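Accompanying notes for the structure given below.
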Amino acid sequence: MRIFAWASFVLNTLIIATGGAVRLTGSGLGCSEWPLCTPGSLVPTAEMGVHGLIEFGNRTISGPLLLVAILVVVLTWKIRAERRDLMVLSWIVLGLVLLQAFVGGVIVWEELKAVLVGFHYTVSLIIVCITAAYLSRMYEVGGPRESAAPKGFKILAHVTTLVMAVLIFMGVLTTGSGPHSGDENVVRQGFDATLLSHLHAWPGYVAFALVAVLVGWAVSKHLRAARWAVTLLLVLVVQIAVGIYQSRHGLPPVLVGVHMVLASLAAATMTVTVLRLKKPVAEGA
């Protein structure tokens, strides 16, 4: 179960990277149809060129990803009586993976509408967070949980989560209004990307400051969330550095892709940090 749970987390993170590659290389319509790649062909044809290969490669990952999600549900079913939490999480992941497959098809049919592309990325990010939550809970004993942090720390952690959500939402809007639309014939018309990039930066700095406070508090009081708070701070430092560099150097596609993946990892780390606000009652005994 642990092997497939980790595989689910890795594959859902990987598909964000490959999905980013599809968009950033202009391969969003590399396969013009869905679920077929082209009319009458499941796989890309020579006429589709490298864009067809990139788009089809991203689609190919969906197969193993769905299979692994099913296997996690099946394996978790065996311990459903004592681990209802894991059972619920595994079903949510499977449901969202199926939703993603459908949304991916609609995006192709609607020729890469920015709202749909942004929704597609956001759902993938949520799946990464849920698979991370599954991993976190999997390594703990089941049963009732109790508080493992002061009330003030918990409030600050939840406020930080809200700021992180705003940060990611602004990032989705900013990228959706930027130059990387997924296909050279798709031109974004909407928000001012330059203005959005500045608006996106502010919650990033606020999130960094809040996480820094969380780290200082957690480490000084030896709280259960300390290690993950430190990890989150390190991820944010790298994320902010990449964001600043890409905005000042014309949004190079590779760094935009890295920024997208780091956002999902930051969200996943925030998820685990929040889960560490409680501990199993059995662990304290």
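Here, A, B, ... name the chains of the structure tokens in the order displayed, residue numbers run from 1 inside each chain, and ligands are numbered from 1 in the same displayed order.
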Counting only C-alpha atoms, what is within 12 Å of Phe102 (chain A), bar same-chain residues fewer than 6 positions away, as a PyMOL selection string?
-> chain A and resi 34-35+59+62+95-96+108-109+116+120+123
For Phe169 (chain A), work out the shell of residues within 12 Å, counting only C-alpha atoms and skipping chain neighbours fewer than 2 positions away, then give it as a PyMOL selection string.
-> chain A and resi 115+118-119+121-123+125+162-167+171-176+196-197+199-201+203-204+260+263-264+267
Keeping only C-alpha atoms, write the selected residues as a compact mmCIF listing (two decimals), in the first residue's frame.
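Saved to result-v4.txt:
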```txt
# COMPACT_ATOMS: atom_id res chain seq x y z
CA VAL A 115 -10.60 29.32 -17.15
CA GLY A 118 -6.62 27.10 -14.67
CA PHE A 119 -9.28 24.85 -13.15
CA TYR A 121 -4.22 22.84 -12.81
CA THR A 122 -5.98 23.70 -9.55
CA VAL A 123 -7.63 20.28 -9.34
CA LEU A 125 -2.76 20.68 -7.14
CA LEU A 162 -5.68 30.90 3.59
CA VAL A 163 -2.91 33.23 2.40
CA MET A 164 -1.29 30.33 0.53
CA ALA A 165 -4.61 29.63 -1.19
CA VAL A 166 -4.87 33.29 -2.26
CA LEU A 167 -1.26 33.14 -3.47
CA GLY A 171 -0.66 32.61 -9.57
CA VAL A 172 -3.21 30.73 -11.66
CA LEU A 173 -4.73 34.03 -12.85
CA THR A 174 -1.30 35.46 -13.62
CA THR A 175 -0.14 32.45 -15.62
CA GLY A 176 -3.51 32.25 -17.38
CA LEU A 196 -1.32 40.50 -11.88
CA SER A 197 2.33 39.55 -11.43
CA LEU A 199 -0.57 41.42 -7.16
CA HIS A 200 0.61 37.81 -7.09
CA ALA A 201 3.88 38.77 -5.40
CA PRO A 203 0.58 37.33 -0.87
CA GLY A 204 3.82 35.49 -1.57
CA MET A 260 4.09 25.43 -11.25
CA ALA A 263 3.52 25.58 -6.06
CA SER A 264 1.99 22.11 -5.78
CA ALA A 267 0.66 23.37 -1.03
```
If you count only C-alpha atoms, which residues fall within 10 Å of Gly19 (chain A), apart from same-chain ones fewer than 5 positions away, as a VMD selection string?
-> chain A and resid 13 to 14 24 27 to 28 54 to 55 57 to 59 117 120 to 121 124 182 257 260
Output file for the selection above: N, CA, C and O atoms, as an mmCIF file, in the first residue's frame:
```cif
data_model
loop_
_atom_site.group_PDB
_atom_site.id
_atom_site.type_symbol
_atom_site.label_atom_id
_atom_site.label_comp_id
_atom_site.auth_asym_id
_atom_site.auth_seq_id
_atom_site.Cartn_x
_atom_site.Cartn_y
_atom_site.Cartn_z
ATOM 1 N N THR A 13 2.152 14.575 -9.126
ATOM 2 C CA THR A 13 3.083 15.703 -9.237
ATOM 3 C C THR A 13 3.698 15.745 -10.632
ATOM 4 O O THR A 13 3.826 16.816 -11.237
ATOM 5 N N LEU A 14 4.039 14.566 -11.149
ATOM 6 C CA LEU A 14 4.655 14.474 -12.474
ATOM 7 C C LEU A 14 3.707 14.971 -13.555
ATOM 8 O O LEU A 14 4.142 15.645 -14.506
ATOM 9 N N LEU A 24 3.582 25.015 -22.081
ATOM 10 C CA LEU A 24 4.708 25.926 -22.281
ATOM 11 C C LEU A 24 5.430 25.708 -23.603
ATOM 12 O O LEU A 24 6.179 26.578 -24.053
ATOM 13 N N SER A 27 1.949 22.960 -27.051
ATOM 14 C CA SER A 27 1.461 21.663 -27.545
ATOM 15 C C SER A 27 0.052 21.348 -27.059
ATOM 16 O O SER A 27 -0.376 20.192 -27.108
ATOM 17 N N GLY A 28 -0.659 22.346 -26.584
ATOM 18 C CA GLY A 28 -1.973 22.114 -26.019
ATOM 19 C C GLY A 28 -2.960 21.481 -26.973
ATOM 20 O O GLY A 28 -3.849 20.735 -26.570
ATOM 21 N N ILE A 54 4.307 15.401 -27.437
ATOM 22 C CA ILE A 54 4.306 15.983 -26.088
ATOM 23 C C ILE A 54 2.930 15.880 -25.453
ATOM 24 O O ILE A 54 2.789 15.466 -24.299
ATOM 25 N N GLU A 55 1.907 16.232 -26.219
ATOM 26 C CA GLU A 55 0.542 16.157 -25.695
ATOM 27 C C GLU A 55 0.152 14.710 -25.398
ATOM 28 O O GLU A 55 -0.434 14.409 -24.356
ATOM 29 N N GLY A 57 2.148 12.272 -24.729
ATOM 30 C CA GLY A 57 2.935 11.813 -23.582
ATOM 31 C C GLY A 57 2.264 12.179 -22.268
ATOM 32 O O GLY A 57 2.230 11.385 -21.320
ATOM 33 N N ASN A 58 1.717 13.380 -22.221
ATOM 34 C CA ASN A 58 1.001 13.810 -21.013
ATOM 35 C C ASN A 58 -0.245 12.957 -20.798
ATOM 36 O O ASN A 58 -0.548 12.557 -19.669
ATOM 37 N N ARG A 59 -0.952 12.677 -21.881
ATOM 38 C CA ARG A 59 -2.150 11.836 -21.766
ATOM 39 C C ARG A 59 -1.795 10.427 -21.311
ATOM 40 O O ARG A 59 -2.548 9.805 -20.558
ATOM 41 N N VAL A 117 -8.296 25.701 -18.229
ATOM 42 C CA VAL A 117 -6.903 25.305 -18.004
ATOM 43 C C VAL A 117 -6.508 25.590 -16.555
ATOM 44 O O VAL A 117 -5.856 24.774 -15.893
ATOM 45 N N HIS A 120 -8.149 23.073 -14.337
ATOM 46 C CA HIS A 120 -7.466 21.793 -14.508
ATOM 47 C C HIS A 120 -6.210 21.733 -13.624
ATOM 48 O O HIS A 120 -5.976 20.734 -12.930
ATOM 49 N N TYR A 121 -5.436 22.793 -13.638
ATOM 50 C CA TYR A 121 -4.222 22.842 -12.813
ATOM 51 C C TYR A 121 -4.579 22.830 -11.330
ATOM 52 O O TYR A 121 -3.946 22.118 -10.524
ATOM 53 N N SER A 124 -5.467 19.429 -10.093
ATOM 54 C CA SER A 124 -4.252 18.617 -9.957
ATOM 55 C C SER A 124 -3.512 18.958 -8.674
ATOM 56 O O SER A 124 -3.012 18.076 -7.961
ATOM 57 N N GLY A 182 -0.557 27.763 -24.480
ATOM 58 C CA GLY A 182 -0.683 26.355 -24.828
ATOM 59 C C GLY A 182 -0.695 26.084 -26.318
ATOM 60 O O GLY A 182 -0.494 24.952 -26.757
ATOM 61 N N GLY A 257 7.472 26.355 -15.685
ATOM 62 C CA GLY A 257 7.103 24.983 -15.336
ATOM 63 C C GLY A 257 7.573 24.598 -13.948
ATOM 64 O O GLY A 257 6.842 23.975 -13.173
ATOM 65 N N MET A 260 5.355 26.135 -11.374
ATOM 66 C CA MET A 260 4.085 25.428 -11.247
ATOM 67 C C MET A 260 4.217 24.199 -10.354
ATOM 68 O O MET A 260 3.369 23.942 -9.493
#
```
Return as number ranges by chain the full set of residues in region 79-267 of chain A whose backbone-based DSSP assignment is helix (DSSP H, G or I).
-> A: 84-109, 114-138, 151-176, 193-220, 226-248, 253-267
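With only C-alpha atoms as the basis for measurement, A:Leu71 is the residue among A:Leu71, A:Ala225, A:Val141, A:Val50 that approaches Trp91 (chain A) most closely.
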Given the choices A:Cys31, A:Val72, A:Val258, A:Ala5, which gets closest to Ala132 (chain A) if the distance is worked out from only C-alpha atoms?
->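 Nearest to Ala132 (chain A): A:Ala5.
With only C-alpha atoms as the basis for measurement, A:Phe9 is the residue among A:Phe153, A:Phe9, A:Trp202, A:Phe4 that approaches Ile126 (chain A) most closely.
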Could you please determine the separation between CA of Glu33 (chain A) and CA of Ser8 (chain A) in Å, to one decimal place?
-> 26.7 Å
Considering only C-alpha atoms, return as a short mmCIF file (atom, residue, chain, number, x, y, z; two decimals) with all heavy atoms, in the first residue's frame whatever protein or nucleic-acid residues lie within 10 Å of Met138 (chain A), sequence-local ones (same chain, fewer than 2 positions apart) excluded.
```cif
data_model
loop_
_atom_site.label_atom_id
_atom_site.label_comp_id
_atom_site.auth_asym_id
_atom_site.auth_seq_id
_atom_site.Cartn_x
_atom_site.Cartn_y
_atom_site.Cartn_z
N MET A 1 0.82 -1.20 0.00
CA MET A 1 0.00 0.00 0.00
C MET A 1 0.86 1.26 0.00
O MET A 1 0.56 2.25 -0.67
CB MET A 1 -0.93 -0.01 1.22
CG MET A 1 -1.97 1.10 1.21
SD MET A 1 -3.14 0.96 2.58
CE MET A 1 -2.12 1.50 3.95
N ARG A 2 1.95 1.20 0.78
CA ARG A 2 2.84 2.37 0.83
C ARG A 2 3.46 2.65 -0.53
O ARG A 2 3.61 3.81 -0.93
CB ARG A 2 3.93 2.14 1.88
CG ARG A 2 3.41 2.13 3.31
CD ARG A 2 4.53 1.98 4.32
NE ARG A 2 4.02 2.07 5.68
CZ ARG A 2 4.79 2.04 6.77
NH1 ARG A 2 6.10 1.92 6.65
NH2 ARG A 2 4.24 2.13 7.96
N ALA A 5 0.81 4.24 -2.68
CA ALA A 5 0.46 5.57 -2.17
C ALA A 5 1.53 6.59 -2.59
O ALA A 5 1.21 7.71 -3.00
CB ALA A 5 0.32 5.54 -0.65
N ARG A 83 -9.20 2.09 9.41
CA ARG A 83 -8.64 3.31 8.80
C ARG A 83 -9.63 3.95 7.86
O ARG A 83 -9.41 4.06 6.65
CB ARG A 83 -7.32 2.99 8.09
CG ARG A 83 -6.19 2.53 8.99
CD ARG A 83 -5.96 3.47 10.19
NE ARG A 83 -5.72 4.82 9.84
CZ ARG A 83 -4.50 5.36 9.70
NH1 ARG A 83 -3.43 4.61 9.90
NH2 ARG A 83 -4.36 6.63 9.42
N ASP A 85 -10.29 7.02 7.68
CA ASP A 85 -9.70 8.25 7.15
C ASP A 85 -8.99 8.00 5.83
O ASP A 85 -9.16 8.76 4.87
CB ASP A 85 -8.75 8.87 8.19
CG ASP A 85 -7.65 7.91 8.63
OD1 ASP A 85 -7.82 6.67 8.49
OD2 ASP A 85 -6.62 8.39 9.14
N LEU A 86 -8.21 6.93 5.77
CA LEU A 86 -7.49 6.61 4.54
C LEU A 86 -8.45 6.18 3.43
O LEU A 86 -8.23 6.49 2.25
CB LEU A 86 -6.47 5.50 4.79
CG LEU A 86 -5.33 5.84 5.77
CD1 LEU A 86 -4.37 4.66 5.88
CD2 LEU A 86 -4.58 7.09 5.33
N ALA A 132 -0.70 13.72 -0.48
CA ALA A 132 0.26 14.01 0.59
C ALA A 132 -0.38 13.77 1.96
O ALA A 132 0.26 13.24 2.88
CB ALA A 132 0.75 15.45 0.49
N ALA A 133 -1.66 14.15 2.10
CA ALA A 133 -2.38 13.91 3.35
C ALA A 133 -2.50 12.41 3.61
O ALA A 133 -2.35 11.95 4.75
CB ALA A 133 -3.76 14.55 3.28
N TYR A 134 -2.76 11.65 2.55
CA TYR A 134 -2.85 10.19 2.69
C TYR A 134 -1.52 9.63 3.21
O TYR A 134 -1.50 8.81 4.14
CB TYR A 134 -3.19 9.56 1.34
CG TYR A 134 -3.44 8.06 1.40
CD1 TYR A 134 -4.73 7.55 1.40
CD2 TYR A 134 -2.38 7.17 1.45
CE1 TYR A 134 -4.97 6.18 1.45
CE2 TYR A 134 -2.59 5.80 1.52
CZ TYR A 134 -3.89 5.31 1.52
OH TYR A 134 -4.11 3.95 1.59
N LEU A 135 -0.42 10.07 2.60
CA LEU A 135 0.90 9.61 3.04
C LEU A 135 1.15 9.96 4.50
O LEU A 135 1.67 9.14 5.27
CB LEU A 135 1.99 10.21 2.15
CG LEU A 135 2.08 9.68 0.72
CD1 LEU A 135 3.05 10.53 -0.10
CD2 LEU A 135 2.53 8.22 0.73
N SER A 136 0.80 11.18 4.87
CA SER A 136 1.03 11.63 6.23
C SER A 136 0.25 10.78 7.23
O SER A 136 0.80 10.32 8.25
CB SER A 136 0.63 13.10 6.37
OG SER A 136 0.77 13.55 7.70
N GLU A 140 0.89 7.10 10.46
CA GLU A 140 0.45 7.27 11.83
C GLU A 140 -0.57 6.19 12.18
O GLU A 140 -1.19 5.60 11.29
CB GLU A 140 -0.20 8.65 12.03
CG GLU A 140 0.74 9.81 11.79
CD GLU A 140 0.05 11.15 11.96
OE1 GLU A 140 -1.21 11.20 11.86
OE2 GLU A 140 0.75 12.14 12.18
N VAL A 141 -0.75 5.96 13.46
CA VAL A 141 -1.77 5.01 13.89
C VAL A 141 -3.14 5.66 13.71
O VAL A 141 -3.27 6.89 13.72
CB VAL A 141 -1.58 4.60 15.36
CG1 VAL A 141 -0.26 3.87 15.52
CG2 VAL A 141 -1.63 5.81 16.29
N GLY A 142 -4.16 4.83 13.53
CA GLY A 142 -5.50 5.35 13.35
C GLY A 142 -6.15 5.71 14.67
O GLY A 142 -5.51 5.72 15.73
#
```
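One distance worth recording is that between CA of Leu98 (chain A) and CA of Thr161 (chain A), which is 26.4 Å.
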Taking into account only C-alpha atoms, which residue in the set A:Cys129, A:Val211, A:Ala46, A:Val68 is nearest to Ile3 (chain A)?
-> A:Val68
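Using only C-alpha atoms for every distance, the candidate list A:Ile240, A:Leu65, A:Leu156, A:Leu232 yields A:Leu156 as the residue closest to Leu277 (chain A).
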Selection near Pro144 (chain A), 8 Å with only C-alpha atoms, sequence-local residues under 2 positions removed, as a PyMOL selection string | chain A and resi 142+146+280-282
Which residues come within 7 Å of region 208-210 of chain A, counting only C-alpha atoms, excluding same-chain residues fewer than 6 positions away, as a PyMOL selection string?
-> chain A and resi 160+233+236
Using the selection just defined, write its residues with N, CA, C and O atoms as a short mmCIF file (atom, residue, chain, number, x, y, z; two decimals), in the first residue's frame.
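Output below, filename again_33.cif:
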```cif
data_model
loop_
_atom_site.label_atom_id
_atom_site.label_comp_id
_atom_site.auth_asym_id
_atom_site.auth_seq_id
_atom_site.Cartn_x
_atom_site.Cartn_y
_atom_site.Cartn_z
N THR A 160 -2.28 31.16 7.60
CA THR A 160 -1.23 30.96 6.60
C THR A 160 -1.75 30.12 5.44
O THR A 160 -1.46 30.40 4.27
N LEU A 233 9.11 26.47 4.65
CA LEU A 233 9.85 27.72 4.50
C LEU A 233 10.91 27.60 3.41
O LEU A 233 11.08 28.50 2.58
N LEU A 236 9.27 27.64 0.00
CA LEU A 236 8.84 29.00 -0.34
C LEU A 236 10.01 29.88 -0.76
O LEU A 236 9.88 30.71 -1.67
#
```
Atom pair CA of Ala212 (chain A) / CA of Pro252 (chain A): separation (Å) |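 For CA of Ala212 (chain A) relative to CA of Pro252 (chain A), the distance reads 28.9 Å.
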